[in-house]
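Participant: Before I ask anything, let me first share the structure, which is written out below as structure tokens.
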Amino acid sequence: MVSVVQSNGGLPAWASRALLTTAVLIATSALAADVLDGNALKRLVHQDCGSCHGLSLKGGLGPDLRSKSLEHYDANVLTDVILDGIPGTAMPPWRPLISEEEAEWIAHYLLEQEEQ
């Protein structure tokens, strides 16, 4: 039998619990959506960036993207290059396709990656 005892908000107790459960599920889903998928971003780097920078990132149409070649760059500079591209070159802006957080993750990944 379902309880119809009303809670402080004027709703039956079961309805209040259902609303609370729904709110928790929505908040948890929103948090999960904010978590970056490192594996997907690594694939993006090696497949999409690799199409110009070489699949091993040692260079191709674009320059070498291995950490030893980028160590003189700041992560913020790399993030800006990833997001806005380099005008007059083949480096396109990725801002329409990825978030700033994803670009920051990629910049740090490039600077900290191990030799392959």
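Residue numbering restarts at 1 in every chain; chains get A, B, ... in the order shown in the structure tokens, and ligands count up from 1 in that same order.
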What's the 6 Å shell around A:His53, counting only C-alpha atoms, without same-chain residues fewer than 6 positions away, as a PDB file with N, CA and C atoms, in the first residue's frame?
Facilitator:
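The resulting file, result.pdb, is shown below:
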```pdb
ATOM      1  N   GLY A  59      55.478  14.253 -37.477  1.00  0.00           N
ATOM      2  CA  GLY A  59      55.489  15.273 -38.510  1.00  0.00           C
ATOM      3  C   GLY A  59      55.043  14.713 -39.839  1.00  0.00           C
ATOM      4  N   GLY A  60      54.592  15.576 -40.669  1.00  0.00           N
ATOM      5  CA  GLY A  60      54.106  15.241 -42.005  1.00  0.00           C
ATOM      6  C   GLY A  60      53.888  16.558 -42.697  1.00  0.00           C
ATOM      7  N   GLY A  62      52.093  18.780 -41.332  1.00  0.00           N
ATOM      8  CA  GLY A  62      52.277  19.640 -40.167  1.00  0.00           C
ATOM      9  C   GLY A  62      53.501  19.213 -39.385  1.00  0.00           C
ATOM     10  N   PRO A  63      53.954  20.035 -38.445  1.00  0.00           N
ATOM     11  CA  PRO A  63      55.174  19.738 -37.692  1.00  0.00           C
ATOM     12  C   PRO A  63      55.023  18.588 -36.696  1.00  0.00           C
TER      13      PRO A  63
END
```
Participant: Using only C-alpha atoms, which of A:Ser99, A:Leu78, A:Asp84, A:Leu57 sits nearest A:Val45?
Facilitator: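 Of A:Ser99, A:Leu78, A:Asp84, A:Leu57, the one nearest A:Val45, counting only C-alpha atoms, is A:Leu57.
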Participant: Tell me, as a short mmCIF file (atom, residue, chain, number, x, y, z; two decimals) with N, CA, C and O atoms, in the first residue's frame, which residues lie within 9 Å of A:Leu36, counting only C-alpha atoms; anything in the same chain fewer than 6 positions away does not count.
Facilitator:
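See around27.cif below for the written result:
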```cif
data_model
loop_
_atom_site.label_atom_id
_atom_site.label_comp_id
_atom_site.auth_asym_id
_atom_site.auth_seq_id
_atom_site.Cartn_x
_atom_site.Cartn_y
_atom_site.Cartn_z
N GLU A 101 37.81 22.87 -22.87
CA GLU A 101 38.34 21.86 -21.93
C GLU A 101 39.01 20.71 -22.69
O GLU A 101 40.05 20.21 -22.28
N GLU A 102 38.40 20.30 -23.80
CA GLU A 102 38.99 19.24 -24.61
C GLU A 102 40.31 19.70 -25.24
O GLU A 102 41.29 18.95 -25.27
N TRP A 105 42.92 19.62 -22.59
CA TRP A 105 43.34 18.24 -22.34
C TRP A 105 44.32 17.80 -23.42
O TRP A 105 45.35 17.20 -23.13
#
```
Participant: Using only C-alpha atoms for the distances, tell me which of A:Val35, A:Val77, A:Met91, A:Leu111 is nearest to A:Asp48.
Facilitator: A:Met91
Participant: What's the 10 Å shell around A:Glu100, counting only C-alpha atoms, without same-chain residues fewer than 5 positions away, as an MDAnalysis selection string?
Facilitator: chainID A and resid 79:80 82:83 94:95 105:106
Participant: Any chance you could export the current selection's C-alpha atoms as a PDB file, in the first residue's frame?
Facilitator:
```pdb
ATOM      1  CA  THR A  79      45.324  25.327 -26.506  1.00  0.00           C
ATOM      2  CA  ASP A  80      44.882  28.575 -28.440  1.00  0.00           C
ATOM      3  CA  ILE A  82      44.235  24.010 -31.310  1.00  0.00           C
ATOM      4  CA  LEU A  83      41.103  26.117 -30.882  1.00  0.00           C
ATOM      5  CA  TRP A  94      39.008  23.199 -33.991  1.00  0.00           C
ATOM      6  CA  ARG A  95      36.838  25.544 -31.887  1.00  0.00           C
ATOM      7  CA  TRP A 105      43.337  18.237 -22.343  1.00  0.00           C
ATOM      8  CA  ILE A 106      44.898  17.713 -25.784  1.00  0.00           C
TER       9      ILE A 106
END
```
Participant: I'd like the contact shell of A:Arg43 - 12 Å cut-off, only C-alpha atoms, skipping same-chain residues fewer than 4 positions apart - returned as a CSV table (one decimal) with N, CA, C and O atoms, in the first residue's frame.
Facilitator:
```csv
chain,number,residue,atom,x,y,z
A,37,ASP,N,36.5,12.3,-22.0
A,37,ASP,CA,36.8,10.9,-22.4
A,37,ASP,C,38.3,10.9,-22.9
A,37,ASP,O,38.5,11.2,-24.1
A,38,GLY,N,39.2,10.6,-22.1
A,38,GLY,CA,40.6,10.6,-22.5
A,38,GLY,C,40.9,9.7,-23.7
A,38,GLY,O,41.7,10.0,-24.6
A,39,ASN,N,40.3,8.5,-23.7
A,39,ASN,CA,40.5,7.6,-24.8
A,39,ASN,C,40.0,8.1,-26.1
A,39,ASN,O,40.7,8.0,-27.2
A,47,GLN,N,44.3,10.1,-34.9
A,47,GLN,CA,43.6,10.0,-36.2
A,47,GLN,C,43.5,11.3,-36.9
A,47,GLN,O,43.9,11.4,-38.0
A,48,ASP,N,42.8,12.2,-36.2
A,48,ASP,CA,42.5,13.5,-36.9
A,48,ASP,C,43.8,14.4,-37.0
A,48,ASP,O,44.1,14.9,-38.1
A,49,CYS,N,44.5,14.6,-35.9
A,49,CYS,CA,45.7,15.4,-36.0
A,49,CYS,C,46.8,14.7,-36.7
A,49,CYS,O,47.5,15.3,-37.5
A,50,GLY,N,46.8,13.3,-36.6
A,50,GLY,CA,47.7,12.5,-37.2
A,50,GLY,C,47.6,12.5,-38.8
A,50,GLY,O,48.6,12.2,-39.5
A,51,SER,N,46.4,12.9,-39.3
A,51,SER,CA,46.3,12.9,-40.7
A,51,SER,C,47.2,14.0,-41.3
A,51,SER,O,47.6,13.9,-42.5
A,55,LEU,N,50.7,9.8,-38.3
A,55,LEU,CA,50.0,9.0,-37.4
A,55,LEU,C,50.8,8.7,-36.1
A,55,LEU,O,50.2,8.5,-35.0
A,56,SER,N,52.1,8.8,-36.1
A,56,SER,CA,52.9,8.7,-34.9
A,56,SER,C,53.3,10.1,-34.4
A,56,SER,O,54.1,10.2,-33.5
A,106,ILE,N,44.0,18.1,-24.7
A,106,ILE,CA,44.9,17.7,-25.8
A,106,ILE,C,46.3,18.4,-25.7
A,106,ILE,O,47.3,17.8,-25.8
A,109,TYR,N,48.2,16.7,-23.0
A,109,TYR,CA,48.5,15.3,-23.5
A,109,TYR,C,49.7,15.4,-24.4
A,109,TYR,O,50.7,14.6,-24.3
```
Participant: Could you pull out the helix (DSSP H, G or I) residues of stretch 38-82 of chain A, going by DSSP on the backbone, and write them as a PyMOL selection string?
Facilitator: chain A and resi 38-53+67-70+75-82
Participant: Could you work out how far atom CA of A:Asn76 lies from atom CA of A:Leu97, giving the answer in Å with one decimal?
Facilitator: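 Straight-line distance from atom CA of A:Leu97 to atom CA of A:Asn76 works out to 18.3 Å.
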Participant: Using only C-alpha atoms, which protein or nucleic acid residues come within 12 Å of A:Lys68? Drop anything in the same chain fewer than 2 positions from it, and give the result as a count of residues only.
Facilitator: 16
